[in-house]
Structures are given as structure tokens and as C-alpha cells.
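Here's data-v2.cif, which has mmCIF, C-alpha atoms and all ligand atoms:
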data_input
loop_
_atom_site.group_PDB
_atom_site.id
_atom_site.type_symbol
_atom_site.label_atom_id
_atom_site.label_comp_id
_atom_site.auth_asym_id
_atom_site.auth_seq_id
_atom_site.Cartn_x
_atom_site.Cartn_y
_atom_site.Cartn_z
ATOM 1 C CA MET A 10 33.830 23.912 -7.807
ATOM 2 C CA THR A 11 34.661 21.005 -10.112
ATOM 3 C CA VAL A 12 32.890 17.654 -10.372
ATOM 4 C CA ARG A 13 35.798 15.965 -8.618
ATOM 5 C CA GLU A 14 35.900 18.499 -5.781
ATOM 6 C CA ALA A 15 32.141 18.289 -5.258
ATOM 7 C CA LEU A 16 32.306 14.501 -5.123
ATOM 8 C CA THR A 17 35.205 14.437 -2.679
ATOM 9 C CA GLU A 18 33.595 16.960 -0.374
ATOM 10 C CA SER A 19 30.157 15.363 -0.332
ATOM 11 C CA ALA A 20 31.500 11.828 0.016
ATOM 12 C CA GLY A 21 33.410 13.098 3.059
ATOM 13 C CA THR A 22 30.207 14.575 4.494
ATOM 14 C CA LEU A 23 28.343 11.283 4.052
ATOM 15 C CA LYS A 24 31.216 9.237 5.446
ATOM 16 C CA LYS A 25 31.250 11.359 8.598
ATOM 17 C CA VAL A 26 27.681 10.336 9.386
ATOM 18 C CA GLY A 27 28.605 6.672 8.981
ATOM 19 C CA ILE A 28 27.395 5.976 5.447
ATOM 20 C CA GLU A 29 29.618 3.189 4.135
ATOM 21 C CA THR A 30 28.764 3.670 0.479
ATOM 22 C CA SER A 31 29.560 7.402 0.647
ATOM 23 C CA SER A 32 31.526 7.727 -2.630
ATOM 24 C CA LEU A 33 29.084 5.588 -4.601
ATOM 25 C CA ASP A 34 26.087 7.496 -3.219
ATOM 26 C CA ALA A 35 27.674 10.900 -3.898
ATOM 27 C CA SER A 36 28.424 10.003 -7.504
ATOM 28 C CA LEU A 37 24.949 8.523 -8.099
ATOM 29 C CA LEU A 38 23.341 11.684 -6.723
ATOM 30 C CA LEU A 39 25.532 14.062 -8.731
ATOM 31 C CA ALA A 40 24.935 12.025 -11.884
ATOM 32 C CA GLN A 41 21.195 12.363 -11.227
ATOM 33 C CA VAL A 42 21.421 16.145 -10.914
ATOM 34 C CA LEU A 43 23.477 16.367 -14.109
ATOM 35 C CA GLY A 44 21.168 14.001 -15.969
ATOM 36 C CA THR A 45 24.008 11.611 -16.696
ATOM 37 C CA ASN A 46 25.340 8.346 -15.319
ATOM 38 C CA ARG A 47 28.106 7.488 -12.912
ATOM 39 C CA THR A 48 30.475 6.203 -15.599
ATOM 40 C CA ALA A 49 30.183 9.377 -17.655
ATOM 41 C CA LEU A 50 30.911 11.461 -14.530
ATOM 42 C CA ALA A 51 34.317 9.858 -14.170
ATOM 43 C CA SER A 52 35.485 11.370 -17.430
ATOM 44 C CA CYS A 53 34.488 14.943 -16.589
ATOM 45 C CA GLY A 54 36.113 15.371 -13.176
ATOM 46 C CA ALA A 55 37.646 18.724 -14.080
ATOM 47 C CA ASP A 56 34.386 20.303 -15.324
ATOM 48 C CA GLN A 57 33.086 23.265 -13.363
ATOM 49 C CA LEU A 58 29.640 23.018 -11.785
ATOM 50 C CA SER A 59 27.188 25.929 -11.792
ATOM 51 C CA GLN A 60 25.703 27.348 -8.588
ATOM 52 C CA GLU A 61 22.298 25.899 -9.529
ATOM 53 C CA ILE A 62 23.706 22.409 -9.978
ATOM 54 C CA LEU A 63 25.687 22.651 -6.750
ATOM 55 C CA ALA A 64 22.591 23.783 -4.833
ATOM 56 C CA ALA A 65 20.486 20.949 -6.260
ATOM 57 C CA PHE A 66 23.249 18.439 -5.486
ATOM 58 C CA GLN A 67 23.585 19.780 -1.943
ATOM 59 C CA SER A 68 19.898 19.266 -1.283
ATOM 60 C CA LEU A 69 20.145 15.602 -2.351
ATOM 61 C CA ILE A 70 23.239 15.119 -0.199
ATOM 62 C CA ASP A 71 21.331 16.617 2.757
ATOM 63 C CA ARG A 72 18.488 14.141 2.229
ATOM 64 C CA ARG A 73 20.954 11.240 2.094
ATOM 65 C CA LYS A 74 22.700 12.551 5.221
ATOM 66 C CA ASN A 75 19.351 12.521 7.008
ATOM 67 C CA GLY A 76 18.907 8.807 6.385
ATOM 68 C CA GLU A 77 16.870 8.670 3.193
ATOM 69 C CA CYS A 78 18.256 5.857 1.061
ATOM 70 C CA THR A 79 19.770 6.636 -2.329
ATOM 71 C CA ALA A 80 17.183 4.540 -4.157
ATOM 72 C CA TYR A 81 14.281 6.654 -2.819
ATOM 73 C CA ILE A 82 16.115 9.887 -3.631
ATOM 74 C CA LEU A 83 16.815 8.716 -7.182
ATOM 75 C CA GLY A 84 13.370 7.112 -7.479
ATOM 76 C CA LYS A 85 14.910 4.010 -8.997
ATOM 77 C CA LYS A 86 16.828 0.840 -8.181
ATOM 78 C CA GLU A 87 18.475 -1.818 -10.313
ATOM 79 C CA PHE A 88 17.326 -5.433 -9.823
ATOM 80 C CA ARG A 89 18.269 -8.362 -12.086
ATOM 81 C CA GLY A 90 19.679 -5.854 -14.592
ATOM 82 C CA LEU A 91 16.387 -3.928 -14.819
ATOM 83 C CA GLU A 92 15.702 -0.443 -13.535
ATOM 84 C CA PHE A 93 12.676 -0.295 -11.227
ATOM 85 C CA PHE A 94 10.809 2.784 -10.042
ATOM 86 C CA VAL A 95 10.806 2.903 -6.263
ATOM 87 C CA ASN A 96 9.253 5.240 -3.692
ATOM 88 C CA PRO A 97 8.516 5.075 0.045
ATOM 89 C CA SER A 98 5.422 2.947 -0.561
ATOM 90 C CA VAL A 99 7.575 -0.002 -1.650
ATOM 91 C CA LEU A 100 10.505 -1.882 -0.202
ATOM 92 C CA VAL A 101 13.686 -1.205 -2.168
ATOM 93 C CA PRO A 102 14.483 -4.425 -4.069
ATOM 94 C CA ARG A 103 17.501 -6.132 -2.491
ATOM 95 C CA PRO A 104 20.217 -8.234 -4.130
ATOM 96 C CA ASP A 105 19.203 -10.964 -1.621
ATOM 97 C CA THR A 106 15.848 -11.208 -3.363
ATOM 98 C CA GLU A 107 17.575 -11.993 -6.645
ATOM 99 C CA THR A 108 18.178 -15.398 -5.036
ATOM 100 C CA LEU A 109 14.413 -15.954 -5.065
ATOM 101 C CA VAL A 110 14.195 -15.113 -8.773
ATOM 102 C CA GLU A 111 17.186 -17.346 -9.444
ATOM 103 C CA ALA A 112 15.619 -20.237 -7.538
ATOM 104 C CA ALA A 113 12.297 -19.829 -9.363
ATOM 105 C CA ILE A 114 14.003 -19.828 -12.751
ATOM 106 C CA GLU A 115 16.063 -22.849 -11.827
ATOM 107 C CA ARG A 116 12.946 -24.767 -10.783
ATOM 108 C CA ILE A 117 11.033 -23.821 -13.907
ATOM 109 C CA ARG A 118 13.945 -24.570 -16.264
ATOM 110 C CA SER A 119 14.718 -27.911 -14.707
ATOM 111 C CA GLY A 120 11.052 -28.854 -15.130
ATOM 112 C CA GLU A 121 11.498 -30.890 -12.004
ATOM 113 C CA ARG A 122 8.708 -32.032 -9.804
ATOM 114 C CA GLY A 123 6.961 -29.005 -8.534
ATOM 115 C CA VAL A 124 6.673 -27.030 -11.711
ATOM 116 C CA GLY A 125 5.424 -29.295 -14.413
ATOM 117 C CA GLY A 126 2.836 -28.958 -17.136
ATOM 118 C CA GLU A 127 1.823 -26.057 -19.361
ATOM 119 C CA PRO A 128 1.159 -23.189 -19.216
ATOM 120 C CA ILE A 129 3.315 -22.249 -16.279
ATOM 121 C CA ARG A 130 1.320 -19.949 -14.036
ATOM 122 C CA VAL A 131 3.248 -18.089 -11.392
ATOM 123 C CA LEU A 132 1.829 -16.072 -8.494
ATOM 124 C CA ASP A 133 3.902 -13.433 -6.684
ATOM 125 C CA LEU A 134 2.447 -12.524 -3.288
ATOM 126 C CA CYS A 135 3.409 -9.223 -1.598
ATOM 127 C CA THR A 136 4.731 -8.004 -4.918
ATOM 128 C CA GLY A 137 5.674 -4.499 -3.696
ATOM 129 C CA SER A 138 7.557 -2.767 -6.520
ATOM 130 C CA GLY A 139 6.837 -5.809 -8.690
ATOM 131 C CA ALA A 140 10.546 -6.625 -8.879
ATOM 132 C CA ILE A 141 10.145 -10.407 -8.612
ATOM 133 C CA ALA A 142 7.135 -10.693 -10.911
ATOM 134 C CA VAL A 143 8.574 -8.360 -13.543
ATOM 135 C CA ALA A 144 12.040 -9.933 -13.484
ATOM 136 C CA LEU A 145 10.530 -13.416 -13.878
ATOM 137 C CA LYS A 146 8.309 -12.407 -16.789
ATOM 138 C CA HIS A 147 11.201 -10.510 -18.375
ATOM 139 C CA GLU A 148 13.524 -13.494 -18.179
ATOM 140 C CA MET A 149 10.879 -16.064 -19.081
ATOM 141 C CA PRO A 150 8.287 -14.362 -21.310
ATOM 142 C CA ALA A 151 6.242 -17.547 -21.715
ATOM 143 C CA LEU A 152 5.232 -17.509 -18.036
ATOM 144 C CA GLU A 153 1.760 -16.336 -17.048
ATOM 145 C CA VAL A 154 2.431 -14.106 -14.087
ATOM 146 C CA TRP A 155 -0.015 -12.909 -11.428
ATOM 147 C CA ALA A 156 0.818 -10.628 -8.556
ATOM 148 C CA THR A 157 -0.968 -9.323 -5.469
ATOM 149 C CA ASP A 158 -0.312 -6.724 -2.816
ATOM 150 C CA ILE A 159 -2.328 -5.354 0.056
ATOM 151 C CA SER A 160 -1.084 -1.821 -0.601
ATOM 152 C CA ALA A 161 -2.781 0.122 -3.393
ATOM 153 C CA GLU A 162 0.204 2.485 -3.616
ATOM 154 C CA ALA A 163 2.625 -0.411 -3.966
ATOM 155 C CA LEU A 164 0.463 -1.997 -6.636
ATOM 156 C CA GLU A 165 0.450 1.245 -8.636
ATOM 157 C CA THR A 166 4.242 1.235 -8.528
ATOM 158 C CA ALA A 167 4.373 -2.405 -9.597
ATOM 159 C CA LYS A 168 2.013 -1.693 -12.489
ATOM 160 C CA ALA A 169 4.129 1.249 -13.601
ATOM 161 C CA ASN A 170 7.229 -0.936 -13.517
ATOM 162 C CA ALA A 171 5.569 -3.711 -15.486
ATOM 163 C CA ALA A 172 4.209 -1.269 -18.051
ATOM 164 C CA ARG A 173 7.598 0.345 -18.607
ATOM 165 C CA LEU A 174 9.720 -2.795 -18.591
ATOM 166 C CA LEU A 175 7.343 -5.290 -20.202
ATOM 167 C CA GLY A 176 4.445 -3.397 -21.736
ATOM 168 C CA ASP A 177 0.841 -3.053 -20.628
ATOM 169 C CA ASN A 178 -1.141 -6.101 -19.508
ATOM 170 C CA SER A 179 1.938 -8.288 -19.236
ATOM 171 C CA ILE A 180 1.234 -9.192 -15.612
ATOM 172 C CA ASN A 181 -2.112 -9.683 -13.879
ATOM 173 C CA PHE A 182 -2.124 -7.448 -10.835
ATOM 174 C CA TYR A 183 -4.637 -7.712 -8.018
ATOM 175 C CA LEU A 184 -5.143 -5.625 -4.920
ATOM 176 C CA GLY A 185 -5.770 -7.600 -1.761
ATOM 177 C CA ASP A 186 -4.274 -9.473 1.152
ATOM 178 C CA LEU A 187 -2.191 -12.480 0.003
ATOM 179 C CA PHE A 188 -4.601 -14.953 -1.685
ATOM 180 C CA GLU A 189 -7.693 -12.887 -0.927
ATOM 181 C CA PRO A 190 -8.187 -11.642 -4.512
ATOM 182 C CA PHE A 191 -8.444 -15.277 -5.635
ATOM 183 C CA SER A 192 -10.486 -16.510 -2.739
ATOM 184 C CA ALA A 193 -14.012 -17.742 -3.419
ATOM 185 C CA THR A 194 -15.048 -16.375 -0.033
ATOM 186 C CA SER A 195 -13.508 -13.005 -0.660
ATOM 187 C CA HIS A 196 -15.598 -10.238 0.872
ATOM 188 C CA SER A 197 -14.764 -7.915 -1.962
ATOM 189 C CA PRO A 198 -16.182 -9.294 -5.173
ATOM 190 C CA LEU A 199 -13.414 -10.285 -7.557
ATOM 191 C CA PRO A 200 -14.115 -7.872 -10.401
ATOM 192 C CA ALA A 201 -13.498 -4.934 -8.057
ATOM 193 C CA HIS A 202 -9.866 -5.949 -7.977
ATOM 194 C CA CYS A 203 -9.517 -6.773 -11.614
ATOM 195 C CA SER A 204 -7.990 -3.718 -13.122
ATOM 196 C CA LEU A 205 -6.344 -5.821 -15.822
ATOM 197 C CA PHE A 206 -7.472 -9.001 -17.542
ATOM 198 C CA THR A 207 -10.961 -8.759 -16.101
ATOM 199 C CA ALA A 208 -12.052 -11.615 -18.307
ATOM 200 C CA HIS A 209 -9.757 -13.973 -16.444
ATOM 201 C CA CYS A 210 -11.348 -13.330 -13.076
ATOM 202 C CA SER A 211 -13.900 -16.065 -13.347
ATOM 203 C CA LEU A 212 -11.140 -18.537 -14.131
ATOM 204 C CA LEU A 213 -9.118 -17.710 -11.110
ATOM 205 C CA THR A 214 -10.645 -20.032 -8.606
ATOM 206 C CA ALA A 215 -10.455 -22.937 -11.060
ATOM 207 C CA ASP A 216 -6.934 -22.410 -12.349
ATOM 208 C CA ARG A 217 -4.125 -23.065 -9.997
ATOM 209 C CA PHE A 218 -0.519 -21.960 -9.944
ATOM 210 C CA SER A 219 2.543 -24.052 -10.752
ATOM 211 C CA LEU A 220 4.655 -21.811 -8.595
ATOM 212 C CA ILE A 221 3.985 -19.321 -5.816
ATOM 213 C CA VAL A 222 6.799 -16.939 -4.909
ATOM 214 C CA CYS A 223 6.788 -14.520 -2.014
ATOM 215 C CA ASN A 224 9.069 -12.077 -0.254
ATOM 216 C CA PRO A 225 6.832 -11.501 2.752
ATOM 217 C CA PRO A 226 7.420 -9.139 5.646
ATOM 218 C CA TYR A 227 9.508 -11.282 8.004
ATOM 219 C CA ILE A 228 11.172 -9.026 10.566
ATOM 220 C CA PRO A 229 9.898 -9.517 14.143
ATOM 221 C CA SER A 230 7.977 -6.356 15.171
ATOM 222 C CA ASP A 231 10.256 -5.625 18.116
ATOM 223 C CA ASP A 232 13.398 -5.804 15.941
ATOM 224 C CA ILE A 233 12.325 -3.080 13.565
ATOM 225 C CA LYS A 234 13.452 -0.272 15.835
ATOM 226 C CA THR A 235 16.975 -1.770 15.869
ATOM 227 C CA LEU A 236 17.339 -1.536 12.080
ATOM 228 C CA SER A 237 19.143 1.250 10.219
ATOM 229 C CA VAL A 238 17.507 4.648 9.680
ATOM 230 C CA GLU A 239 17.262 3.813 5.965
ATOM 231 C CA VAL A 240 15.310 0.597 6.545
ATOM 232 C CA GLN A 241 13.031 2.334 9.027
ATOM 233 C CA LYS A 242 11.990 4.722 6.278
ATOM 234 C CA GLU A 243 10.748 1.756 4.232
ATOM 235 C CA PRO A 244 7.089 0.707 4.552
ATOM 236 C CA ARG A 245 6.446 -1.079 7.813
ATOM 237 C CA LEU A 246 3.869 -3.176 6.020
ATOM 238 C CA ALA A 247 6.646 -4.654 3.888
ATOM 239 C CA LEU A 248 8.930 -5.425 6.823
ATOM 240 C CA ASP A 249 6.874 -6.271 9.905
ATOM 241 C CA GLY A 250 6.292 -10.001 10.190
ATOM 242 C CA GLY A 251 4.464 -9.725 13.532
ATOM 243 C CA LYS A 252 5.712 -10.762 16.971
ATOM 244 C CA SER A 253 7.566 -13.854 15.761
ATOM 245 C CA GLY A 254 8.418 -12.454 12.327
ATOM 246 C CA LEU A 255 6.644 -15.512 10.922
ATOM 247 C CA GLU A 256 3.038 -14.340 10.957
ATOM 248 C CA THR A 257 2.710 -13.622 7.238
ATOM 249 C CA ILE A 258 4.835 -16.643 6.344
ATOM 250 C CA LYS A 259 2.417 -18.859 8.319
ATOM 251 C CA GLN A 260 -0.545 -17.438 6.375
ATOM 252 C CA VAL A 261 1.234 -18.048 3.084
ATOM 253 C CA ILE A 262 2.113 -21.645 4.017
ATOM 254 C CA ASN A 263 -1.441 -22.331 5.178
ATOM 255 C CA GLY A 264 -3.077 -20.815 2.126
ATOM 256 C CA ALA A 265 -0.734 -21.928 -0.637
ATOM 257 C CA PRO A 266 -1.942 -25.557 -1.069
ATOM 258 C CA ASP A 267 -5.406 -24.297 -2.091
ATOM 259 C CA TYR A 268 -3.877 -22.351 -4.966
ATOM 260 C CA LEU A 269 -1.093 -24.690 -6.110
ATOM 261 C CA SER A 270 -1.529 -27.242 -8.841
ATOM 262 C CA GLN A 271 -0.536 -30.781 -7.942
ATOM 263 C CA GLY A 272 3.224 -30.910 -7.546
ATOM 264 C CA GLY A 273 3.311 -27.103 -7.427
ATOM 265 C CA MET A 274 5.986 -25.316 -5.498
ATOM 266 C CA LEU A 275 6.092 -22.537 -2.930
ATOM 267 C CA LEU A 276 9.279 -20.454 -2.729
ATOM 268 C CA MET A 277 9.720 -17.822 -0.024
ATOM 269 C CA GLU A 278 12.395 -15.437 1.094
ATOM 270 C CA ALA A 279 13.037 -15.226 4.829
ATOM 271 C CA ASP A 280 15.718 -14.514 7.394
ATOM 272 C CA PRO A 281 18.360 -17.271 7.504
ATOM 273 C CA ARG A 282 17.610 -17.732 11.234
ATOM 274 C CA GLN A 283 13.973 -18.545 10.471
ATOM 275 C CA MET A 284 14.619 -21.417 8.075
ATOM 276 C CA LYS A 285 14.397 -24.264 10.606
ATOM 277 C CA ASP A 286 11.024 -23.076 11.898
ATOM 278 C CA ILE A 287 9.731 -22.525 8.387
ATOM 279 C CA ALA A 288 10.809 -26.021 7.351
ATOM 280 C CA VAL A 289 8.750 -27.448 10.233
ATOM 281 C CA LEU A 290 5.719 -25.368 9.223
ATOM 282 C CA LEU A 291 6.029 -26.472 5.599
ATOM 283 C CA GLU A 292 6.264 -30.127 6.522
ATOM 284 C CA LYS A 293 3.309 -29.887 8.899
ATOM 285 C CA ARG A 294 1.194 -28.432 6.094
ATOM 286 C CA GLY A 295 2.158 -31.313 3.802
ATOM 287 C CA PHE A 296 4.979 -29.837 1.761
ATOM 288 C CA SER A 297 7.854 -32.123 0.817
ATOM 289 C CA CYS A 298 11.154 -31.986 -1.109
ATOM 290 C CA LEU A 299 12.174 -28.920 0.912
ATOM 291 C CA GLN A 300 15.051 -26.991 -0.546
ATOM 292 C CA LEU A 301 17.185 -24.083 0.642
ATOM 293 C CA TYR A 302 18.919 -21.520 -1.576
ATOM 294 C CA LYS A 303 21.821 -19.339 -0.464
ATOM 295 C CA ASP A 304 22.216 -15.636 -1.171
ATOM 296 C CA MET A 305 25.433 -13.966 -2.329
ATOM 297 C CA SER A 306 26.647 -13.647 1.258
ATOM 298 C CA ASP A 307 26.269 -17.412 1.626
ATOM 299 C CA PHE A 308 23.222 -17.184 3.912
ATOM 300 C CA GLU A 309 20.208 -19.428 3.469
ATOM 301 C CA ARG A 310 17.778 -16.842 2.130
ATOM 302 C CA VAL A 311 15.125 -18.766 0.240
ATOM 303 C CA ILE A 312 13.190 -21.880 1.136
ATOM 304 C CA GLY A 313 10.971 -23.953 -1.106
ATOM 305 C CA GLY A 314 8.704 -26.962 -0.872
ATOM 306 C CA VAL A 315 6.532 -29.019 -3.186
ATOM 307 C CA TYR A 316 2.850 -29.761 -2.547
ATOM 308 C CA GLU A 317 1.812 -33.120 -3.935
HETATM 309 N N1 LIG A 401 15.634 -8.239 3.697
HETATM 310 C C1 LIG A 401 14.958 -7.104 4.245
HETATM 311 C C2 LIG A 401 15.814 -6.466 5.306
HETATM 312 O O1 LIG A 401 16.578 -7.124 5.950
HETATM 313 C C3 LIG A 401 13.626 -7.504 4.818
HETATM 314 C C4 LIG A 401 12.675 -7.756 3.750
HETATM 315 C C5 LIG A 401 11.422 -8.369 4.220
HETATM 316 O O2 LIG A 401 10.984 -8.315 5.366
HETATM 317 N N2 LIG A 401 10.834 -8.996 3.292
HETATM 318 O O3 LIG A 401 15.726 -5.289 5.519
#

Is it possible to express this structure as C-alpha cells?
Ligand code: GLN
Amino acid sequence: MTVREALTESAGTLKKVGIETSSLDASLLLAQVLGTNRTALASCGADQLSQEILAAFQSLIDRRKNGECTAYILGKKEFRGLEFFVNPSVLVPRPDTETLVEAAIERIRSGERGVGGEPIRVLDLCTGSGAIAVALKHEMPALEVWATDISAEALETAKANAARLLGDNSINFYLGDLFEPFSATSHSPLPAHCSLFTAHCSLLTADRFSLIVCNPPYIPSDDIKTLSVEVQKEPRLALDGGKSGLETIKQVINGAPDYLSQGGMLLMEADPRQMKDIAVLLEKRGFSCLQLYKDMSDFERVIGGVYE
């Protein structure tokens, strides 16, 4: 069987089970098996494939057919032009989340109210694969970036991504729930969490952040079962925003002022339908200059506010 025949057949198989990106997925998976990339595949359509390659390809196609997303099968996903390791302990970085990175960069570059003064310290809560933190540090190397996650497995993935894309010790990672690693009342003593930059730990409660970014879990618990098979294979911890979908967002809004420098900004991703409620919560907690940012599909995907 040739490359072209294998692609046509497997794309057909995936299409039959309702996978819209069937041709793209088939070519990404075959490229993986051949140790090449999708572009190079296009120029060798007439090449014959060995039985071993075909068997390996078939097993990846079977996994995809059974609802595993291509990113988990490949173990990687592109975000802001960088290739991130992913696995089922982290949410697959979405193009929608690039809007959050974009908004953060815009705020920092403009030096507007909200992100003034030097050095610029940024905190990424619920970092997951580390996509937001790593992309920000990659695009703006002068930033001091800190990131937390409640999942030890996710944090290991984020660290691996930072190490590969930026080098060791480029980001300060902490294990813990939201602000808990920085909290003076933390039940776990700080140094236990300080796998990197231990020396900075004592500074944490004194130094505040110019910008806090967060892509929290924001899907209402009851809606999760209505999502695609692919999304349901992602970590529930990264998706489930409690009964209202806003439970984590509320904690972030409540906690953020204690960790923001004066005029610091909080930027969060959420569902476009949640923005009105979030705006009310932000205003109630004393945030002003609220701003919305649209994703590529023209939905309001990111909301920000300044704490004076
Ligand atoms: N945007 C994701 C989705 O719709 C949800 C991500 C999240 O909860 N942070 O699947």
C-alpha cells in the first residue's frame, strides 16, 4: 500500500465515525509513524509502506477512531508557534487560549495602567501544560514568570515544556491550589513546593505580581457529559468549574487582589456566555477598567480588570 492509499483509506475510516479533521489527523499520525512531518509526506505519496509501518499506523488510527485526540496520540501540540508536550494529565492547549497570551502581551507592551513598573512579574494560575507561561516568557524574555497548578502530573509536564523550550529555571513553578503556594497561611510550608528558585520563596509574600493570567476550569459540572468524547478524555480537573462553572473563577477573583501590585491586572479565559457574570464579580471585588478580548471565532473569550 502506498502513502497516498493509506491516507485515503484511513481518512475515510475517521470520517465515517464523524471526525471532521479526518484527513489532517490521518496525515499527522502517518507522519508520526514515519518520523517525518506532514509537508514531507505530501511529496512521497507514491512510496510503498512496509507491513510494520502499516500496522503501527493502523494502531494509531484505531486510537483516534476510539475518541483519543490527535494531540494525546502524538504527545505534542502546537501553541503560539511552539511545540508543547501534552498527555492526559493536561488540557490540550487551544487556539482560543492564544487570545489570553495576546491580551497579556498587549497589556504589557502598552505599559498601560495595570502593568506598570519594573520588573514585570507575571503569575499563571492553573498552568496545566505550561502553555501560557512558557509562551509569555518565550515572547517576552524579560518577564519574571511564576506558575502554579494543583496537579503534580500537570506541573511535571509544564516543567518539561519550560525546560525544553526555554531552558532550566526559566519559570518558577509551584505545586498547589491557585494562590496557596504563595499564601502566608498555607498549610504546607512554602519550601516544600519550591522545586526551583528556592531562594525566592521567602520573597513571595512580599513581592506582588503586575499581571495574573489564568485559564481556569470553567465548564459547569453538568455540561461535561454533553461534550465530545475527545474533551471527556481530558482531565476533569482542568475543565470542571463546579455547578455554575464559575467556582474557580470566583476564587481567583477573590484572591487576586492580595497578590497584585497596585494597578495590577487580572486576565482570565472563560466561556463567552459567562462574561457578564464575571464582569459583575470583578466589579464587586473592586476591579475597574474591565476589558474583553475576542478569540479567532469572534467570541468574547478573555476578560481583564485592573486592581487599583
Ligand atoms: N475551552 C475548553 C473547552 O471548551 C475549556 C477549557 C477550560 O475549562 N479552561 O473545552

From the options A:Lys259, A:Ile228, A:Gly272, A:Arg72, which residue's atoms come nearest to Thr22 of chain A, counting only C-alpha atoms?
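Distance minimum relative to Thr22 of chain A lands on A:Arg72.
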
Between atom CA of Gly313 of chain A and atom CA of Lys85 of chain A - distance in Å to one decimal:
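Separating atom CA of Lys85 of chain A from atom CA of Gly313 of chain A is a distance of 29.3 Å.
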
Grab the atom CA of Phe66 of chain A to atom CA of Ser237 of chain A distance for me, in Å with one decimal place.
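Between atom CA of Phe66 of chain A and atom CA of Ser237 of chain A the gap works out to 23.6 Å.
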
Take the PyMOL selection byres (((chain A and resi 148-158) around 7) and not hetatm), run it mentally on this structure, and tell me the resulting residues as a ChimeraX atom specification.
/A:129-137,142,144-147,159-160,164,180-187

Restrict the selected residues to C-alpha atoms and save them as a PDB file, in the coordinates of the input.
ATOM      1  CA  ILE A 129       3.315 -22.249 -16.279  1.00  0.00           C
ATOM      2  CA  ARG A 130       1.320 -19.949 -14.036  1.00  0.00           C
ATOM      3  CA  VAL A 131       3.248 -18.089 -11.392  1.00  0.00           C
ATOM      4  CA  LEU A 132       1.829 -16.072  -8.494  1.00  0.00           C
ATOM      5  CA  ASP A 133       3.902 -13.433  -6.684  1.00  0.00           C
ATOM      6  CA  LEU A 134       2.447 -12.524  -3.288  1.00  0.00           C
ATOM      7  CA  CYS A 135       3.409  -9.223  -1.598  1.00  0.00           C
ATOM      8  CA  THR A 136       4.731  -8.004  -4.918  1.00  0.00           C
ATOM      9  CA  GLY A 137       5.674  -4.499  -3.696  1.00  0.00           C
ATOM     10  CA  ALA A 142       7.135 -10.693 -10.911  1.00  0.00           C
ATOM     11  CA  ALA A 144      12.040  -9.933 -13.484  1.00  0.00           C
ATOM     12  CA  LEU A 145      10.530 -13.416 -13.878  1.00  0.00           C
ATOM     13  CA  LYS A 146       8.309 -12.407 -16.789  1.00  0.00           C
ATOM     14  CA  HIS A 147      11.201 -10.510 -18.375  1.00  0.00           C
ATOM     15  CA  ILE A 159      -2.328  -5.354   0.056  1.00  0.00           C
ATOM     16  CA  SER A 160      -1.084  -1.821  -0.601  1.00  0.00           C
ATOM     17  CA  LEU A 164       0.463  -1.997  -6.636  1.00  0.00           C
ATOM     18  CA  ILE A 180       1.234  -9.192 -15.612  1.00  0.00           C
ATOM     19  CA  ASN A 181      -2.112  -9.683 -13.879  1.00  0.00           C
ATOM     20  CA  PHE A 182      -2.124  -7.448 -10.835  1.00  0.00           C
ATOM     21  CA  TYR A 183      -4.637  -7.712  -8.018  1.00  0.00           C
ATOM     22  CA  LEU A 184      -5.143  -5.625  -4.920  1.00  0.00           C
ATOM     23  CA  GLY A 185      -5.770  -7.600  -1.761  1.00  0.00           C
ATOM     24  CA  ASP A 186      -4.274  -9.473   1.152  1.00  0.00           C
ATOM     25  CA  LEU A 187      -2.191 -12.480   0.003  1.00  0.00           C
TER      26      LEU A 187
END

Non-local contacts of Thr257 of chain A (12 Å; all atoms listed in the file; under 5 positions in same chain excluded) as a list in words:
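Near Thr257 of chain A, the qualifying residues are Leu134, Cys135, Asp186, Leu187, Phe188, Cys223, Asn224, Pro225, Pro226, Tyr227, Ile228, Pro229, Ser230, Leu246, Ala247, Leu248, Asp249, Gly250, Gly251, Lys252, Ile262, Asn263, Gly264, Ala265, Met277, Glu278, Ala279 and Ile287 of chain A.
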
Neighbour list for segment 50-57 of chain A as a PDB file with C-alpha atoms, in the frame of the given file, cut-off 6 Å, all atoms listed in the file, skip fewer than 4 positions in-chain:
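See out37.pdb below for the written result:
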ATOM      1  CA  MET A  10      33.830  23.912  -7.807  1.00  0.00           C
ATOM      2  CA  THR A  11      34.661  21.005 -10.112  1.00  0.00           C
ATOM      3  CA  VAL A  12      32.890  17.654 -10.372  1.00  0.00           C
ATOM      4  CA  ARG A  13      35.798  15.965  -8.618  1.00  0.00           C
TER       5      ARG A  13
END

Closest of A:Ala167, A:Val99, A:Ile117, A:Leu291 to ligand LIG 401 (chain A) - atom-to-atom distances counting all atoms listed in the file
A:Val99

Distance query Phe94 of chain A at most 10 Å, only C-alpha atoms, self and fewer than 3 positions along chain excluded, as an mmCIF file with C-alpha atoms, keeping the file's coordinate frame:
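Output (part03.cif):
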data_model
loop_
_atom_site.group_PDB
_atom_site.id
_atom_site.type_symbol
_atom_site.label_atom_id
_atom_site.label_comp_id
_atom_site.auth_asym_id
_atom_site.auth_seq_id
_atom_site.Cartn_x
_atom_site.Cartn_y
_atom_site.Cartn_z
ATOM 1 C CA ALA A 80 17.183 4.540 -4.157
ATOM 2 C CA TYR A 81 14.281 6.654 -2.819
ATOM 3 C CA LEU A 83 16.815 8.716 -7.182
ATOM 4 C CA GLY A 84 13.370 7.112 -7.479
ATOM 5 C CA LYS A 85 14.910 4.010 -8.997
ATOM 6 C CA LYS A 86 16.828 0.840 -8.181
ATOM 7 C CA GLU A 87 18.475 -1.818 -10.313
ATOM 8 C CA LEU A 91 16.387 -3.928 -14.819
ATOM 9 C CA VAL A 99 7.575 -0.002 -1.650
ATOM 10 C CA VAL A 101 13.686 -1.205 -2.168
ATOM 11 C CA SER A 138 7.557 -2.767 -6.520
ATOM 12 C CA GLY A 139 6.837 -5.809 -8.690
ATOM 13 C CA ALA A 140 10.546 -6.625 -8.879
ATOM 14 C CA THR A 166 4.242 1.235 -8.528
ATOM 15 C CA ALA A 167 4.373 -2.405 -9.597
ATOM 16 C CA ALA A 169 4.129 1.249 -13.601
ATOM 17 C CA ASN A 170 7.229 -0.936 -13.517
ATOM 18 C CA ALA A 171 5.569 -3.711 -15.486
ATOM 19 C CA ARG A 173 7.598 0.345 -18.607
#

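The shortest atom-to-atom distance to ligand LIG 401 (chain A), with all atoms listed in the file taken into account, belongs to A:Arg103 out of A:Arg103, A:Lys234, A:Arg294, A:Arg217.
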